[in-house]
Amino acid sequence: MTLAPDHTARYRDSSAGIDDRVADLLGRMTVDDKLGQLGSAWVFQLAGPDGLDAPRATPLLASGIGHVTRISGASSLGVEGAAELANAIQRHLREHTRLAIPALVHEEICSGLMAREATAYAQALGVAATWRPEHNRAIADSIRLQMRAIGAHQGLSPVLDICRDPRWGRLEETYGEDPLLVSRMGVEFVLGLQGPALSDGVIATLKHFVGYGASEGGMNWAPAHLPERELRDVYLRPFEAAVREAEAASVMNAYHELDGVPCASSRWLLTDVLRTEWGFAGVVVADYFAVNQLDVYHHVATSPEEAAAMALRAGLDVELPMTDCYAEPLKRALDRGLLTPDEFDTAVARALRAKFQLGLFEQPFVDTGAVHVHTRTADQLALARQVAADSLVLLKNDGVLPLRTPASVAVLGPSAASARNLLGDYSYLAHVESLLEVLKSGNNVFAMPLEHGADVDEELDLAHVGNVLDELTERLPGASITHVAGCTVSGDDRAEFAAAVAAAAAADVAVVLVGDKAGLTEDATSGESRDVAHLLLPGVQEEFVLAVAATGTPVVLVIVGGRPMGSEALHGACAAVLMAWLPGEQGAAAIADALVGTVNPGGKLPVTWPRSSGQIPVFYAHKVSGGRSHWK
């Protein structure tokens, strides 16, 4: 059945004020209509390999939907396919729901749009190492254009967590330890992403509110112990700047608890500070599954309806990435009087307002034939290369760099010929690996509804990323290049140690690329839930580098990773150390340019580099009474 919406309704009048339109629409909605706007659905709940799956999607979309989760980021769709599916979902809502309220599509954008054909930029910590906030604005502006082209409207960035513990796996997603630097990076990102007006922009989502990077022992989801003065002076500051200066349109809660209160149920955070003190007028969205976690993880609620009431009353408006608690449980909470109809309507109004601001009621569809105009453009690739080059930090150099005209070079290490290791944990290729692992192993930690299977390819295409071995070989045409990986990033396989050591002994210089594999899979060493107890190189890499250095051949160590790492002895054994972070798809070219002197690796550290994990916490902006042991 095709429904015909009332085109004479006030909410459909684009000349009316947004407040009037929201009020009119709200007055026409049933409880089920309102619940729909506070919920969400994964792309693979709505679609399959052949596009929108109407039998599966219709029940989920019957009363409308607030968000669609990751059309690009949780599928193998290219940009045209993503745009076509977005249009199909919007068309279904227009033709088969009573009020024809469009959906809002959100995507991850930590290192560029997390999509199959998008440009993969340097991970955020590397962008921070440039100390050039204008780079972040340019990155966000390019993301805005591509997201709008494919029919996506909200990006889940910037990450404004202050992190002073490099054991925490998500350090790579942050802009480091300094409130001022993080604030400036965040403000510029929001301005670039949201554009001059949301009618042509993409909603920025400040996360994770707040103190997520200050967890016990650097462990994911663990409590943070922050007194209010420190919370305000350090951890809230970047969020406040992005709200007051850049008028960020969305905030996402953090998973952990502060002073015994989970952030998802903290009215003091989500309402008193955010809205009353700062004047935030946007939408608070849940970090994935955070509403249900109030029941099953934090145990401060005893049922889904209690969790729903707690979160909504605190000021958390929309549940992501799927509707667990803001459907029937929230309706039961209303029936039981656990929250008032006014509190319910306030959240719905905020969700509707965002859609009016984005102009979705006027134009929910995109031109599928024009999406390639904003996909992997020459300007984007040039920006990605410039940012990668500007992010490189030369930690040590005894004169071996730049490589001038060596007769022979041994290019060693697990990241020397790896394109995959150059990418951050929320890049498309890294993230699809995690989805494939869930599908294959059944270890579904997030209980994602994958009973129908997600439409993702088994093979990951890395041809466009490149690797340092190939790039360096191209820049040293007269040199004899020998390559041996030597070991893997993780694990204890030493089978290639001897060959690598022999190659180093026979060469004029050894360029050794080591570090992390970022992602959420079991073999990843950096990223979400990939926390560590020490800062040595993962696996047997530390032993490997020391064995190579023992040959007496000068070692140029290139660290490709998401955190400071390597022992004092390791750094001391190398002639030069270059920190490359997770530089993205243009990172191999940037690293090779730096090694041969075409690029000056002039980045600066956005985090303090500890000598060992025993120094943690260590950071430069300590109190005058801190930073050293006193009484001498």
# chains A, B, ... in the order shown; residues from 1 in each chain; ligands from 1
$ residues_around --residues "A:His299" --least-positions-apart "4" --cutoff "12 Å" --atoms "only C-alpha atoms" --output "PyMOL selection string"
chain A and resi 257+260-262+265+290-295+303-304+306-307+310
$ write_last_selection --atoms "N, CA, C and O atoms" --output "compact mmCIF listing (two decimals), in the first residue's frame"
# COMPACT_ATOMS: atom_id res chain seq x y z
N GLU A 257 31.72 5.16 33.43
CA GLU A 257 31.06 5.90 34.50
C GLU A 257 32.00 6.93 35.10
O GLU A 257 33.22 6.77 35.10
N GLY A 260 30.75 7.00 39.74
CA GLY A 260 29.73 6.00 39.95
C GLY A 260 28.50 6.12 39.08
O GLY A 260 27.60 5.29 39.18
N VAL A 261 28.45 7.13 38.21
CA VAL A 261 27.27 7.34 37.36
C VAL A 261 27.67 7.12 35.90
O VAL A 261 28.53 7.84 35.38
N PRO A 262 27.08 6.14 35.21
CA PRO A 262 27.38 5.98 33.78
C PRO A 262 27.03 7.25 33.01
O PRO A 262 26.00 7.89 33.26
N SER A 265 23.57 7.88 31.64
CA SER A 265 22.44 8.19 32.53
C SER A 265 22.71 9.41 33.40
O SER A 265 22.00 9.64 34.38
N ALA A 290 24.81 1.72 24.22
CA ALA A 290 25.03 2.28 25.56
C ALA A 290 23.78 2.31 26.41
O ALA A 290 23.87 2.25 27.64
N VAL A 291 22.60 2.45 25.80
CA VAL A 291 21.37 2.47 26.59
C VAL A 291 21.16 1.11 27.24
O VAL A 291 20.95 0.99 28.45
N ASN A 292 21.26 0.06 26.45
CA ASN A 292 21.08 -1.29 26.99
C ASN A 292 22.16 -1.63 28.02
O ASN A 292 21.92 -2.42 28.95
N GLN A 293 23.35 -1.04 27.88
CA GLN A 293 24.43 -1.30 28.83
C GLN A 293 24.08 -0.85 30.26
O GLN A 293 24.65 -1.37 31.22
N LEU A 294 23.20 0.11 30.39
CA LEU A 294 22.79 0.52 31.73
C LEU A 294 22.19 -0.65 32.49
O LEU A 294 22.30 -0.73 33.73
N ASP A 295 21.60 -1.58 31.76
CA ASP A 295 21.04 -2.79 32.35
C ASP A 295 22.08 -3.92 32.40
O ASP A 295 22.40 -4.44 33.47
N SER A 303 16.07 -3.49 34.03
CA SER A 303 15.29 -3.93 32.87
C SER A 303 15.54 -2.96 31.72
O SER A 303 15.99 -1.82 31.93
N PRO A 304 15.23 -3.37 30.49
CA PRO A 304 15.37 -2.45 29.35
C PRO A 304 14.52 -1.19 29.50
O PRO A 304 14.94 -0.10 29.09
N GLU A 306 13.66 0.35 32.32
CA GLU A 306 14.33 1.24 33.26
C GLU A 306 15.53 1.91 32.61
O GLU A 306 15.79 3.09 32.84
N ALA A 307 16.28 1.14 31.82
CA ALA A 307 17.43 1.72 31.12
C ALA A 307 16.98 2.82 30.16
O ALA A 307 17.60 3.89 30.08
N MET A 310 15.96 5.92 32.20
CA MET A 310 17.14 6.57 32.76
C MET A 310 17.87 7.42 31.72
O MET A 310 18.21 8.57 31.96
$ atom_distance --atom1 "atom CA of A:Asp165" --atom2 "atom CA of A:Leu435"
27.8 Å
$ select_by_dssp --residues "stretch 37-231 of chain A" --states "strand (DSSP E or B)" --output "list in words"
Ser40, Ala41, Trp42, Ala47, Gly48, Gly51, Leu52, His67, Val68, Thr69, Leu104, Val105, His106, Glu107, Cys110, Gly112, Gln154, Gly155, Val159, Ile203, Ala204, Thr205, Leu206, Lys207, His208, Phe209, Ser215 and Ala224 of chain A
$ residues_around --residues "A:Glu228" --least-positions-apart "3" --cutoff "12 Å" --atoms "only C-alpha atoms" --output "VMD selection string"
chain A and resid 210 to 211 224 to 225 231 to 236 258 to 259 268 to 269 273
$ write_last_selection --atoms "N, CA, C and O atoms" --output "short mmCIF file (atom, residue, chain, number, x, y, z; two decimals), in the first residue's frame"
data_model
loop_
_atom_site.label_atom_id
_atom_site.label_comp_id
_atom_site.auth_asym_id
_atom_site.auth_seq_id
_atom_site.Cartn_x
_atom_site.Cartn_y
_atom_site.Cartn_z
N VAL A 210 32.08 12.04 28.71
CA VAL A 210 33.34 12.72 28.70
C VAL A 210 34.28 11.97 29.63
O VAL A 210 33.84 11.27 30.54
N GLY A 211 35.60 12.09 29.39
CA GLY A 211 36.60 11.44 30.22
C GLY A 211 36.89 10.01 29.84
O GLY A 211 37.56 9.29 30.58
N ALA A 224 36.35 6.22 35.02
CA ALA A 224 37.33 7.31 35.10
C ALA A 224 37.16 8.01 36.44
O ALA A 224 36.03 8.23 36.88
N HIS A 225 38.27 8.34 37.07
CA HIS A 225 38.23 8.96 38.39
C HIS A 225 38.75 10.39 38.25
O HIS A 225 39.95 10.65 38.35
N LEU A 231 38.05 17.77 35.62
CA LEU A 231 37.12 17.47 34.53
C LEU A 231 36.83 18.73 33.71
O LEU A 231 36.86 18.70 32.47
N ARG A 232 36.59 19.83 34.40
CA ARG A 232 36.27 21.08 33.70
C ARG A 232 37.50 21.71 33.06
O ARG A 232 37.44 22.22 31.94
N ASP A 233 38.63 21.70 33.76
CA ASP A 233 39.83 22.35 33.26
C ASP A 233 40.42 21.63 32.05
O ASP A 233 41.00 22.27 31.16
N VAL A 234 40.28 20.32 32.01
CA VAL A 234 40.98 19.52 31.00
C VAL A 234 40.00 18.80 30.07
O VAL A 234 39.99 19.03 28.86
N TYR A 235 39.17 17.94 30.59
CA TYR A 235 38.44 16.98 29.77
C TYR A 235 37.18 17.55 29.12
O TYR A 235 36.81 17.15 28.01
N LEU A 236 36.50 18.47 29.79
CA LEU A 236 35.32 19.09 29.20
C LEU A 236 35.67 20.22 28.23
O LEU A 236 34.86 20.58 27.38
N LEU A 258 31.41 8.01 35.58
CA LEU A 258 32.11 9.06 36.31
C LEU A 258 31.49 9.16 37.69
O LEU A 258 30.28 9.35 37.81
N ASP A 259 32.34 9.03 38.72
CA ASP A 259 31.85 9.12 40.10
C ASP A 259 30.67 8.19 40.33
O ASP A 259 29.68 8.55 40.99
N TRP A 268 23.42 15.34 34.96
CA TRP A 268 24.34 16.45 35.20
C TRP A 268 25.18 16.73 33.96
O TRP A 268 25.36 17.89 33.58
N LEU A 269 25.68 15.68 33.31
CA LEU A 269 26.48 15.86 32.10
C LEU A 269 25.64 16.26 30.90
O LEU A 269 25.91 17.27 30.23
N VAL A 273 25.20 20.47 32.40
CA VAL A 273 26.40 21.08 31.83
C VAL A 273 26.19 21.39 30.35
O VAL A 273 26.38 22.52 29.89
#
$ residues_around --residues "stretch 542-550 of chain A" --least-positions-apart "3" --cutoff "10 Å" --atoms "only C-alpha atoms" --output "ChimeraX atom specification"
/A:412-413,486-487,494,496-498,500-505,510,512-515,536-539,553-557,565-567,569-575
$ residues_around --residues "A:Gly169" --least-positions-apart "2" --cutoff "9 Å" --atoms "only C-alpha atoms" --output "MDAnalysis selection string"
chainID A and resid 166:167 171:173 218:220 518 525:532 562:563
$ residues_around --residues "stretch 16-32 of chain A" --least-positions-apart "2" --cutoff "12 Å" --atoms "only C-alpha atoms" --output "PyMOL selection string"
chain A and resi 5-6+8-14+34-39+60-65+97-101+326-332+334-335+341-342+344-359+361
$ select_by_dssp --residues "stretch 25-165 of chain A" --states "alpha helix (DSSP H)" --output "PyMOL selection string"
chain A and resi 25-28+31-37+43-46+54-61+79-96+124-129+133-150
$ residues_around --residues "stretch 404-409 of chain A" --least-positions-apart "5" --cutoff "7 Å" --atoms "only C-alpha atoms" --output "ChimeraX atom specification"
/A:479-482,507-510,596
$ atom_distance --atom1 "atom CA of A:Phe289" --atom2 "atom CA of A:Leu316"
12.4 Å
$ closest_residue --among "A:Gly213, A:Gly195, A:Pro364, A:Gly279" --to "A:Ala83" --atoms "only C-alpha atoms"
A:Pro364
$ closest_residue --among "A:Leu193, A:Thr119, A:Phe44, A:Ala588" --to "A:Ser415" --atoms "only C-alpha atoms"
A:Ala588
$ closest_residue --among "A:Ala301, A:Ala242, A:Ala580, A:Ala47" --to "A:Leu180" --atoms "only C-alpha atoms"
A:Ala242
